[in-house]
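S.K.: Have a look at this one.
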Number of protein chains: 2
Amino acid sequence: MPETRPYHHGDLRQTLLAAAVDAIAESGPARLSLRELARRAGVSHAAPAHHFGDKAGLLTAVAAEGYHLLADALTAAQQAGDFLDTGVAYVRFAVDHRAHFEVMYRPDLYHPDDQAVAAARQRAADALYGGVGTVTDTRTDSGIALAGAAAWCLVHGFATLWLNHALPAGLGTDPEAAARAVAAVLFQGPDQPQVGG
Amino acid sequence: MPETRPYHHGDLRQTLLAAAVDAIAESGPARLSLRELARRAGVSHAAPAHHFGDKAGLLTAVAAEGYHLLADALTAAQQAGDFLDTGVAYVRFAVDHRAHFEVMYRPDLYHPDDQAVAAARQRAADALYGGVGTVTDTRTDSGIALAGAAAWCLVHGFATLWLNHALPAGLGTDPEAAARAVAAVLFQGPDQPQVGG
DNA sequence: AGACAGTCTTGACACTGACAAGATGCATCT
DNA sequence: AGATGCATCTTGTCAGTGTCAAGACTGTCT
């Protein structure tokens with residue numbers, strides 16, 4: 001890496017993506033500025049537009065990357081543990097990749113019909129619903145679908161509320177343990193709360 | 001109402017709030033513009049700043065109004081029906097007042113420590129947790145808290161996913177019926193799916 | 001009538017996203 | 001080797017935005 005920056009950055013797209021994720025994690029997607037990103041990367045103010053078209057294009061790339069990361073995390077958890085672990089992995093993804101998560105579920109910020117992001121979203125959906133049948137495999141099809149939707153809603157709601165510090169403080173400070181305890185209400189009924197276990 | 005607008009608008013604060021809600025419902029809080037609101041209200045471009053300080057101040061007022069509306073809806077549902085109805089009312093609020101809902105749970109857009117919004121949020125929290133005990137009144141305290149958190153997570157996740165068109169199409173087009181069916185999984189177990197019943 | 005506070009306007013500044021046109025460097029073909 | 005084509009990045013520019021400061025207008029209170 002020469003001290004004098006070459007005319008071509010070489011890996012500007014990835015650099016901008018990473019800088020965008022950092023900036024969003026710091027102050028939210030609303031305050032994101034393409035020019036600020038360019039300044040951080042040491043390029044001119046119009047360089048980002050070349051790689052992403054416009055601001056929504058950049059956030060589209062962030063969302064697509066996020067869906068891929070989520071799909072990876074879900075499939076890994078699904079192979080290693082049971083359905084509850086997959087739900088906890090969903091929450092862990094949201095906490096560990098807060099910036100991606102916040103963009104993914106805000107389609108007014110990007111191009112939701114973009115081909116790349118649609119494909120990535122489908123990957124995540126497949127991973128998410130792939131393990132649904134294991135928890136209620138003796139029920140009807142509609143029961144399976146409802147149980148899967150309920151599980152997704154629960155972990156998604158937990159993730160968003162946790163990120164906004166909206167959940168009661170009694171759940172502790174460890175998001176995974178809290179998510180496991182709350183999700184256990186759905187998967188095992190309210191009889192056996194497993195917090196701290 | 002004289003045709004020539006008087007120097008003092010008379011009810012500018014409420015007019016701007018309503019216009020902001022409309023604009024957010026149309027194109028999301030990210031694309032909100034104070035100057036566009038001023039144009040809609042027929043006042044000068046700096047008039048909004050006088051009433052709300054800055055853009056975040058306006059969204060703070062939107063969030064506070066939203067929390068009050070949510071508290072009203074929850075208490076009404078709680079008095080009229082059971083706990084499941086309260087959860088459905090939460091979803092109905094999110095769908096009917098999409099703009100408020102989208103701002104409320106995005107604290108990076110406003111001043112979350114503002115006194116008025118904190119009080120309104122407390123009202124909504126009280127209304128939300130006021131009816132938790134009725135569903136698991138024979139359980140332990142921690143069980144009650146977990147069940148309440150699980151219920152809140154589920155309906156909140158359902159609301160956000162529904163608004164983003166992220167839920168499977170098989171749930172139908174009526175958000176209240178779909179929410180009732182999904183929430184029934186938590187309240188009654190997966191044995192008795194009540195969709196369409 | 002006069003002072004005063006609240007309401008709204010005017011003017012200005014820095015910043016942003018987007019567009020057009022040009023400069024630079026790499027790869028490929030003849 | 002030399003020329004061509006193309007992706008990459010820069011420079012310059014424009015309209016639009018949020019925010020601040022200063023001033024104009026209006027109702028109220030003494």
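FYI, nothing fancy with the structure tokens labels: chains A, B, ... in order, residues from 1 per chain, ligands from 1 as they appear.
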Identify all chain A residues at most 12 Å from chain C by counting only C-alpha atoms (C1' of nucleotides); ligands do not count. Present them as a ChimeraX atom specification.
M.R.: /A:6-10,31-36,45-50,53-56
S.K.: Take the residues just selected and output them with N, CA, C and O atoms as a short mmCIF file (atom, residue, chain, number, x, y, z; two decimals), in the first residue's frame.
M.R.:
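Dumped everything to out-v7.cif:
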```cif
data_model
loop_
_atom_site.label_atom_id
_atom_site.label_comp_id
_atom_site.auth_asym_id
_atom_site.auth_seq_id
_atom_site.Cartn_x
_atom_site.Cartn_y
_atom_site.Cartn_z
N PRO A 6 -3.23 5.89 -4.86
CA PRO A 6 -3.32 5.81 -6.31
C PRO A 6 -4.66 6.36 -6.79
O PRO A 6 -5.58 6.52 -6.01
N TYR A 7 -4.72 6.65 -8.06
CA TYR A 7 -5.95 7.18 -8.63
C TYR A 7 -7.10 6.21 -8.42
O TYR A 7 -8.19 6.59 -8.03
N HIS A 8 -6.84 4.95 -8.64
CA HIS A 8 -7.88 3.95 -8.40
C HIS A 8 -7.73 3.39 -6.99
O HIS A 8 -6.66 2.94 -6.60
N HIS A 9 -8.79 3.43 -6.28
CA HIS A 9 -8.76 2.98 -4.90
C HIS A 9 -8.50 1.49 -4.83
O HIS A 9 -7.78 1.02 -3.96
N GLY A 10 -9.10 0.75 -5.72
CA GLY A 10 -8.85 -0.69 -5.77
C GLY A 10 -9.96 -1.51 -5.15
O GLY A 10 -10.37 -2.52 -5.71
N ARG A 31 -29.05 9.58 9.40
CA ARG A 31 -27.98 10.58 9.36
C ARG A 31 -26.85 10.16 8.42
O ARG A 31 -25.80 10.82 8.41
N LEU A 32 -27.04 9.11 7.66
CA LEU A 32 -25.98 8.67 6.75
C LEU A 32 -25.77 9.69 5.63
O LEU A 32 -26.72 10.20 5.07
N SER A 33 -24.51 9.96 5.33
CA SER A 33 -24.18 10.93 4.28
C SER A 33 -23.16 10.33 3.33
O SER A 33 -22.10 9.87 3.74
N LEU A 34 -23.50 10.35 2.05
CA LEU A 34 -22.58 9.80 1.06
C LEU A 34 -21.27 10.57 1.06
O LEU A 34 -20.18 10.00 0.90
N ARG A 35 -21.37 11.88 1.21
CA ARG A 35 -20.15 12.70 1.18
C ARG A 35 -19.26 12.41 2.38
O ARG A 35 -18.03 12.42 2.28
N GLU A 36 -19.89 12.17 3.51
CA GLU A 36 -19.11 11.83 4.70
C GLU A 36 -18.40 10.48 4.50
O GLU A 36 -17.23 10.31 4.87
N HIS A 45 -16.23 13.36 -3.57
CA HIS A 45 -17.60 13.28 -3.05
C HIS A 45 -18.54 12.51 -3.97
O HIS A 45 -19.59 12.05 -3.53
N ALA A 46 -18.19 12.41 -5.23
CA ALA A 46 -19.09 11.75 -6.17
C ALA A 46 -18.70 10.29 -6.43
O ALA A 46 -19.37 9.61 -7.19
N ALA A 47 -17.63 9.84 -5.80
CA ALA A 47 -17.20 8.46 -6.06
C ALA A 47 -18.25 7.42 -5.65
O ALA A 47 -18.47 6.45 -6.38
N PRO A 48 -18.90 7.58 -4.50
CA PRO A 48 -19.88 6.55 -4.12
C PRO A 48 -20.98 6.35 -5.15
O PRO A 48 -21.43 5.22 -5.37
N ALA A 49 -21.40 7.44 -5.79
CA ALA A 49 -22.51 7.32 -6.73
C ALA A 49 -22.16 6.39 -7.89
O ALA A 49 -23.03 5.75 -8.46
N HIS A 50 -20.87 6.35 -8.23
CA HIS A 50 -20.50 5.49 -9.34
C HIS A 50 -20.77 4.01 -9.02
O HIS A 50 -21.20 3.25 -9.88
N GLY A 53 -24.98 4.05 -7.58
CA GLY A 53 -26.04 4.81 -8.24
C GLY A 53 -26.48 5.98 -7.39
O GLY A 53 -26.25 7.12 -7.74
N ASP A 54 -27.14 5.70 -6.31
CA ASP A 54 -27.56 6.76 -5.41
C ASP A 54 -27.55 6.22 -3.98
O ASP A 54 -27.14 5.09 -3.72
N LYS A 55 -28.02 7.04 -3.07
CA LYS A 55 -28.00 6.66 -1.66
C LYS A 55 -28.82 5.39 -1.43
O LYS A 55 -28.39 4.50 -0.69
N ALA A 56 -29.99 5.31 -2.04
CA ALA A 56 -30.81 4.11 -1.88
C ALA A 56 -30.07 2.88 -2.41
O ALA A 56 -30.23 1.79 -1.87
#
```
S.K.: Restrict the distance test to only C-alpha atoms (C1' of nucleotides), flag each residue of chain D within 8 Å of chain B, and return the flagged residues as a JSON list (two decimals) with C-alpha atoms (C1' of nucleotides), in the first residue's frame.
M.R.:
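Saved the output as out-v5.json:
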```json
[["chain", "number", "residue", "atom", "x", "y", "z"],
["D", 17, "DT", "C1'", -32.70, 21.06, 3.04],
["D", 18, "DG", "C1'", -32.01, 22.23, 8.18],
["D", 19, "DT", "C1'", -30.71, 25.72, 11.06],
["D", 25, "DC", "C1'", -46.63, 41.62, 12.73],
["D", 26, "DT", "C1'", -50.41, 40.88, 16.23]]
```
S.K.: Could you tell me which residues of chain A sit within 8 Å of chain B when counting only C-alpha atoms, and give me the result as a ChimeraX atom specification?
M.R.: /A:27-28,30,105-109,136,139,142-143,146-147,149-158,160-161,164,167-168,181-183,185-186,189-193
S.K.: For the atom pair CA of Asp113 (chain A) and CA of Leu69 (chain A), what is the interatomic distance in Å to one decimal place?
M.R.: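 Value for the CA of Asp113 (chain A)-CA of Leu69 (chain A) distance: 19.0 Å.
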S.K.: For CA of Glu65 (chain A) and CA of Phe101 (chain A), quote the distance in Å rounded to one decimal.
M.R.: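 We find that CA of Glu65 (chain A) and CA of Phe101 (chain A) lie 10.1 Å from each other.
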S.K.: Env of Ala61 (chain A): 10 Å cut, atoms = only C-alpha atoms (C1' of nucleotides), seq-sep filter 2 positions within chain, self excluded. Answer as an MDAnalysis selection string.
M.R.: chainID A and resid 13 17 52 56:59 63:67 100 103:104 110:111 114 116:117
S.K.: Keeping only all heavy atoms, write the selected residues to a file as a short mmCIF file (atom, residue, chain, number, x, y, z; two decimals), in the first residue's frame.
M.R.:
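See part32.cif below for the written result:
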```cif
data_model
loop_
_atom_site.label_atom_id
_atom_site.label_comp_id
_atom_site.auth_asym_id
_atom_site.auth_seq_id
_atom_site.Cartn_x
_atom_site.Cartn_y
_atom_site.Cartn_z
N ARG A 13 -15.62 -0.14 -3.37
CA ARG A 13 -16.99 -0.59 -3.08
C ARG A 13 -17.09 -1.22 -1.70
O ARG A 13 -17.95 -0.87 -0.90
CB ARG A 13 -17.44 -1.58 -4.16
CG ARG A 13 -18.90 -1.92 -4.08
CD ARG A 13 -19.28 -3.05 -5.04
NE ARG A 13 -20.47 -3.73 -4.57
CZ ARG A 13 -21.69 -3.38 -4.93
NH1 ARG A 13 -21.88 -2.38 -5.74
NH2 ARG A 13 -22.74 -4.03 -4.45
N LEU A 17 -18.95 0.20 1.69
CA LEU A 17 -19.96 -0.60 2.38
C LEU A 17 -19.64 -0.71 3.87
O LEU A 17 -20.51 -0.51 4.72
CB LEU A 17 -20.01 -2.00 1.75
CG LEU A 17 -21.18 -2.30 0.83
CD1 LEU A 17 -21.13 -3.73 0.34
CD2 LEU A 17 -22.50 -2.07 1.56
N PHE A 52 -22.82 2.77 -6.51
CA PHE A 52 -24.14 2.41 -5.99
C PHE A 52 -25.28 3.19 -6.65
O PHE A 52 -26.44 2.98 -6.30
CB PHE A 52 -24.17 2.64 -4.48
CG PHE A 52 -23.14 1.84 -3.72
CD1 PHE A 52 -21.97 2.42 -3.27
CD2 PHE A 52 -23.34 0.48 -3.49
CE1 PHE A 52 -21.02 1.68 -2.58
CE2 PHE A 52 -22.39 -0.26 -2.81
CZ PHE A 52 -21.23 0.34 -2.34
N ALA A 56 -29.99 5.31 -2.04
CA ALA A 56 -30.81 4.11 -1.88
C ALA A 56 -30.07 2.88 -2.41
O ALA A 56 -30.23 1.79 -1.87
CB ALA A 56 -32.14 4.30 -2.60
N GLY A 57 -29.27 3.07 -3.45
CA GLY A 57 -28.50 1.95 -3.97
C GLY A 57 -27.49 1.43 -2.97
O GLY A 57 -27.29 0.22 -2.83
N LEU A 58 -26.83 2.34 -2.27
CA LEU A 58 -25.90 1.93 -1.23
C LEU A 58 -26.62 1.13 -0.14
O LEU A 58 -26.16 0.06 0.29
CB LEU A 58 -25.22 3.16 -0.62
CG LEU A 58 -24.40 2.93 0.64
CD1 LEU A 58 -23.26 1.98 0.37
CD2 LEU A 58 -23.88 4.24 1.19
N LEU A 59 -27.78 1.65 0.29
CA LEU A 59 -28.52 0.95 1.35
C LEU A 59 -29.08 -0.38 0.83
O LEU A 59 -29.25 -1.32 1.60
CB LEU A 59 -29.64 1.85 1.87
CG LEU A 59 -29.12 3.08 2.63
CD1 LEU A 59 -30.25 4.00 3.03
CD2 LEU A 59 -28.32 2.65 3.85
N ALA A 63 -28.53 -3.87 2.69
CA ALA A 63 -29.61 -4.81 2.99
C ALA A 63 -29.30 -6.20 2.42
O ALA A 63 -29.51 -7.21 3.10
CB ALA A 63 -30.93 -4.28 2.41
N ALA A 64 -28.79 -6.24 1.19
CA ALA A 64 -28.48 -7.54 0.59
C ALA A 64 -27.41 -8.26 1.39
O ALA A 64 -27.54 -9.45 1.69
CB ALA A 64 -28.03 -7.33 -0.86
N GLU A 65 -26.36 -7.53 1.76
CA GLU A 65 -25.33 -8.13 2.59
C GLU A 65 -25.92 -8.65 3.90
O GLU A 65 -25.57 -9.74 4.38
CB GLU A 65 -24.22 -7.10 2.86
CG GLU A 65 -22.98 -7.66 3.51
CD GLU A 65 -21.92 -6.58 3.74
OE1 GLU A 65 -22.23 -5.56 4.41
OE2 GLU A 65 -20.80 -6.74 3.25
N GLY A 66 -26.82 -7.86 4.47
CA GLY A 66 -27.45 -8.26 5.72
C GLY A 66 -28.25 -9.55 5.58
O GLY A 66 -28.17 -10.44 6.43
N TYR A 67 -29.02 -9.65 4.51
CA TYR A 67 -29.82 -10.86 4.32
C TYR A 67 -28.93 -12.09 4.14
O TYR A 67 -29.23 -13.18 4.61
CB TYR A 67 -30.77 -10.69 3.14
CG TYR A 67 -32.05 -9.96 3.49
CD1 TYR A 67 -32.33 -8.71 2.95
CD2 TYR A 67 -32.97 -10.50 4.38
CE1 TYR A 67 -33.49 -8.03 3.28
CE2 TYR A 67 -34.13 -9.84 4.71
CZ TYR A 67 -34.39 -8.60 4.16
OH TYR A 67 -35.54 -7.93 4.50
N HIS A 100 -27.02 -3.52 9.68
CA HIS A 100 -27.68 -4.27 8.62
C HIS A 100 -29.15 -4.49 8.96
O HIS A 100 -30.04 -4.28 8.13
CB HIS A 100 -27.00 -5.64 8.44
CG HIS A 100 -25.64 -5.56 7.85
ND1 HIS A 100 -24.50 -5.50 8.63
CD2 HIS A 100 -25.20 -5.52 6.57
CE1 HIS A 100 -23.43 -5.44 7.84
NE2 HIS A 100 -23.82 -5.44 6.59
N VAL A 103 -31.48 -1.55 8.47
CA VAL A 103 -31.75 -1.20 7.08
C VAL A 103 -32.68 -2.23 6.44
O VAL A 103 -33.62 -1.87 5.72
CB VAL A 103 -30.44 -1.09 6.30
CG1 VAL A 103 -30.72 -0.88 4.82
CG2 VAL A 103 -29.60 0.06 6.84
N MET A 104 -32.41 -3.50 6.71
CA MET A 104 -33.15 -4.57 6.04
C MET A 104 -34.66 -4.41 6.15
O MET A 104 -35.40 -4.59 5.17
CB MET A 104 -32.74 -5.91 6.65
CG MET A 104 -31.38 -6.38 6.24
SD MET A 104 -30.66 -7.56 7.42
CE MET A 104 -31.83 -8.90 7.39
N TYR A 110 -34.42 1.84 0.71
CA TYR A 110 -33.64 1.29 -0.39
C TYR A 110 -34.55 0.83 -1.53
O TYR A 110 -35.73 1.22 -1.57
CB TYR A 110 -32.71 0.17 0.10
CG TYR A 110 -33.38 -1.02 0.76
CD1 TYR A 110 -33.67 -2.15 0.01
CD2 TYR A 110 -33.68 -1.03 2.11
CE1 TYR A 110 -34.25 -3.26 0.60
CE2 TYR A 110 -34.25 -2.13 2.71
CZ TYR A 110 -34.54 -3.24 1.96
OH TYR A 110 -35.12 -4.34 2.54
N HIS A 111 -34.02 0.04 -2.45
CA HIS A 111 -34.79 -0.44 -3.59
C HIS A 111 -35.22 -1.88 -3.31
O HIS A 111 -34.49 -2.83 -3.63
CB HIS A 111 -33.95 -0.38 -4.87
CG HIS A 111 -33.42 0.99 -5.19
ND1 HIS A 111 -34.23 2.11 -5.28
CD2 HIS A 111 -32.17 1.44 -5.43
CE1 HIS A 111 -33.51 3.17 -5.57
NE2 HIS A 111 -32.25 2.79 -5.66
N ASP A 114 -34.94 -4.69 -5.96
CA ASP A 114 -33.65 -5.00 -6.57
C ASP A 114 -33.43 -6.52 -6.59
O ASP A 114 -33.78 -7.24 -5.66
CB ASP A 114 -32.54 -4.32 -5.75
CG ASP A 114 -31.16 -4.67 -6.25
OD1 ASP A 114 -30.69 -4.01 -7.18
OD2 ASP A 114 -30.56 -5.61 -5.70
N ALA A 116 -30.68 -8.41 -6.51
CA ALA A 116 -29.74 -8.99 -5.56
C ALA A 116 -30.36 -9.10 -4.16
O ALA A 116 -30.22 -10.11 -3.47
CB ALA A 116 -28.46 -8.15 -5.51
N VAL A 117 -31.04 -8.03 -3.75
CA VAL A 117 -31.59 -8.06 -2.40
C VAL A 117 -32.77 -9.03 -2.32
O VAL A 117 -32.97 -9.69 -1.30
CB VAL A 117 -32.00 -6.63 -1.96
CG1 VAL A 117 -33.28 -6.19 -2.60
CG2 VAL A 117 -32.12 -6.57 -0.45
#
```
S.K.: Would you work out the distance separating CA of Leu74 (chain B) from CA of Val21 (chain B), expressed in Å to one decimal?
M.R.: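 Going from CA of Leu74 (chain B) over to CA of Val21 (chain B), I get 20.7 Å.
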